[in-house]
Amino acid sequence: MRELSQRTANFTDSVIRRMTRIALKYGAVNLSQGFPDFDPPKEILEALKKTADENVHQYAITWGAPNLRKAIAEKQSRLMGFDIDPDSEIVVTCGSTEAMMATMMSIINPGDKVAIFSPFYENYGADTILSGAEPIYVPLVPPEYDFNKDELEAAFKAGAKALVLCNPSNPCGKVFSEKELLDIAELAEKYDAYVVTDEVYEHIVFAPYKHIYFASLPGMRKRTISCSSLSKTYSITGWRLGYTIAPPEITDRIRKVHDFLTVGAPAPLQEAIVTGLKFCQDYYDEFLREYTEKRDIFIKGLDDIGLKHNIPEGAYYIMVDISEFGFESDLEFAEELIKRVGVAGVPGSIFFNEPVNNYIRFNFSKKNETLHDAIERLSHIRECF
Ligand code: GLN
């Protein structure tokens, strides 16, 4: 047989999703892949039932059902502080995963360089490979996850045409400060680079931190492709709904790529989620209150056990330091943790370009009882190793 594609020859399967499969096999509490184990709001489930009887079972307009784009534009205009045109500046995609892939394919030529903060969400690696980009990693140094502006500038000097900015950040829970974002903006302007954001955790930002949309910074709207998702905000990761917000010329290109990649996101689900986008502020306040409680339950549990960890400023992950267990491979540790303790996390090394292998990422987007169960199991960790 002829050789398969060289471009994808070195792909491994996603370690995040692999850990979920191993967790299921051993009946572990699954804190690996980031998704809730609780239901979406009941109003959204009611809307979903209602759409079953409506005539919305064929393709929606490829770049998104008009009423969904309108609802996204209304909500995001309010939050981002500028008027977004639903007809020329939004593409509804199959999750933020597709939003980012379609964006990369719209702005990148094979051989172009793209700056990526490390640690990073593993899909960005695949996105660069599929779009033919060469990544230049800029370290966010643990435990504070700060970056050095000179190192970021070096990436732009080396020719980075775009920067991928995940804020709040998966996996390290960093919320970029205004000063950091302004530094990035200054460099993006100076080197005429695009900024591709991943802002799927925009509503999970713990006090006193605040989310600042990169596109809302002075002069940045024209060079920012804001990617986000409805998965996390409405607890519907399986619906695969996301979107891009970008100036019309860029949106026009993303639409075409998206059209040929997927034709469109599922039409009935686009209809049903309009209900969610119309929720008032109380929903987002309560959503954050619940996530703050989950974070605090998990942190207190880890502290009681004496496991070292960072304090996430946003998103729903925590990095736990496993140095004390003396494993050379965090991948091996993660598997043993599932088998011996019955808790699944993601080996931290898969997120880093640097040789960092002393962290396990846990996801606390779970019912409080699931978190208590995980903590109870983890309280025996030292007996198990
Ligand atoms: N973003 C989530 C994580 O990091 C899951 C994403 C996915 O599996 N598509 O775990």
# chains A, B, ... in the order shown; residues from 1 in each chain; ligands from 1
$ closest_atom_pairs --of "chain A" --to "ligand 1" --cutoff "6 Å" --atoms "only C-alpha atoms and all ligand atoms" --output "tab-separated table"
residue	atom	partner	partner_atom_place_in_ligand_line	distance
A:Ile16	CA	ligand 1	10 (O)	5.8
A:Arg17	CA	ligand 1	8 (O)	5.7
A:Gln33	CA	ligand 1	10 (O)	3.7
A:Gly34	CA	ligand 1	10 (O)	3.5
$ residues_around --residues "Leu140 of chain A" --least-positions-apart "3" --cutoff "12 Å" --atoms "only C-alpha atoms" --output "PyMOL selection string"
chain A and resi 116-120+137+143-149+151-152+165-166+169-176+180+351-354+356
$ select_by_dssp --residues "segment 325-362 of chain A" --states "alpha helix (DSSP H)" --output "ChimeraX atom specification"
/A:330-336
$ closest_residue --among "A:Ala188, A:Ile299, A:Ile108, A:Val343" --to "Ile318 of chain A" --atoms "only C-alpha atoms"
A:Ile299
$ atom_distance --atom1 "atom CA of Asn167 of chain A" --atom2 "atom CA of Leu261 of chain A"
25.8 Å
$ select_by_dssp --residues "segment 88-198 of chain A" --states "strand (DSSP E or B)" --output "ChimeraX atom specification"
/A:90-93,113-118,134-139,141,146,160-166,194-198
$ closest_residue --among "A:Val56, A:Ala344, A:Ala71, A:Leu187" --to "Phe364 of chain A" --atoms "only C-alpha atoms"
A:Ala344
$ residues_around --residues "Leu371 of chain A" --least-positions-apart "6" --cutoff "8 Å" --atoms "only C-alpha atoms" --output "list of chain:residue names"
A:Lys294, A:Ile297, A:Phe298, A:Phe364
$ closest_residue --among "A:Leu288, A:Ile254, A:Val138, A:Ile212" --to "Ile90 of chain A" --atoms "only C-alpha atoms"
A:Ile254
$ residues_around --residues "Ser379 of chain A" --least-positions-apart "6" --cutoff "12 Å" --atoms "only C-alpha atoms" --output "PyMOL selection string"
chain A and resi 298+300-307+341-343+372-373+385
$ atom_distance --atom1 "atom CA of Ile44 of chain A" --atom2 "atom CA of Lys232 of chain A"
13.6 Å
$ residues_around --residues "Ile129 of chain A" --least-positions-apart "5" --cutoff "9 Å" --atoms "only C-alpha atoms" --output "count of residues only"
6
$ atom_distance --atom1 "atom CA of Val195 of chain A" --atom2 "atom CA of Ser226 of chain A"
8.1 Å
$ residues_around --residues "Arg255 of chain A" --least-positions-apart "5" --cutoff "8 Å" --atoms "only C-alpha atoms" --output "PDB file with N, CA and C atoms, in the first residue's frame"
ATOM      1  N   THR A  62     -24.670  27.686   6.632  1.00  0.00           N
ATOM      2  CA  THR A  62     -23.377  27.083   6.977  1.00  0.00           C
ATOM      3  C   THR A  62     -22.628  27.836   8.072  1.00  0.00           C
ATOM      4  N   TRP A  63     -22.676  29.171   8.069  1.00  0.00           N
ATOM      5  CA  TRP A  63     -21.899  29.886   9.099  1.00  0.00           C
ATOM      6  C   TRP A  63     -22.715  30.174  10.367  1.00  0.00           C
ATOM      7  N   VAL A  91     -18.845  33.290  12.936  1.00  0.00           N
ATOM      8  CA  VAL A  91     -19.050  31.970  12.332  1.00  0.00           C
ATOM      9  C   VAL A  91     -19.313  30.988  13.468  1.00  0.00           C
TER      10      VAL A  91
END
$ closest_residue --among "A:Met19, A:Val196, A:Ala207, A:Ile338" --to "Ser32 of chain A" --atoms "only C-alpha atoms"
A:Met19
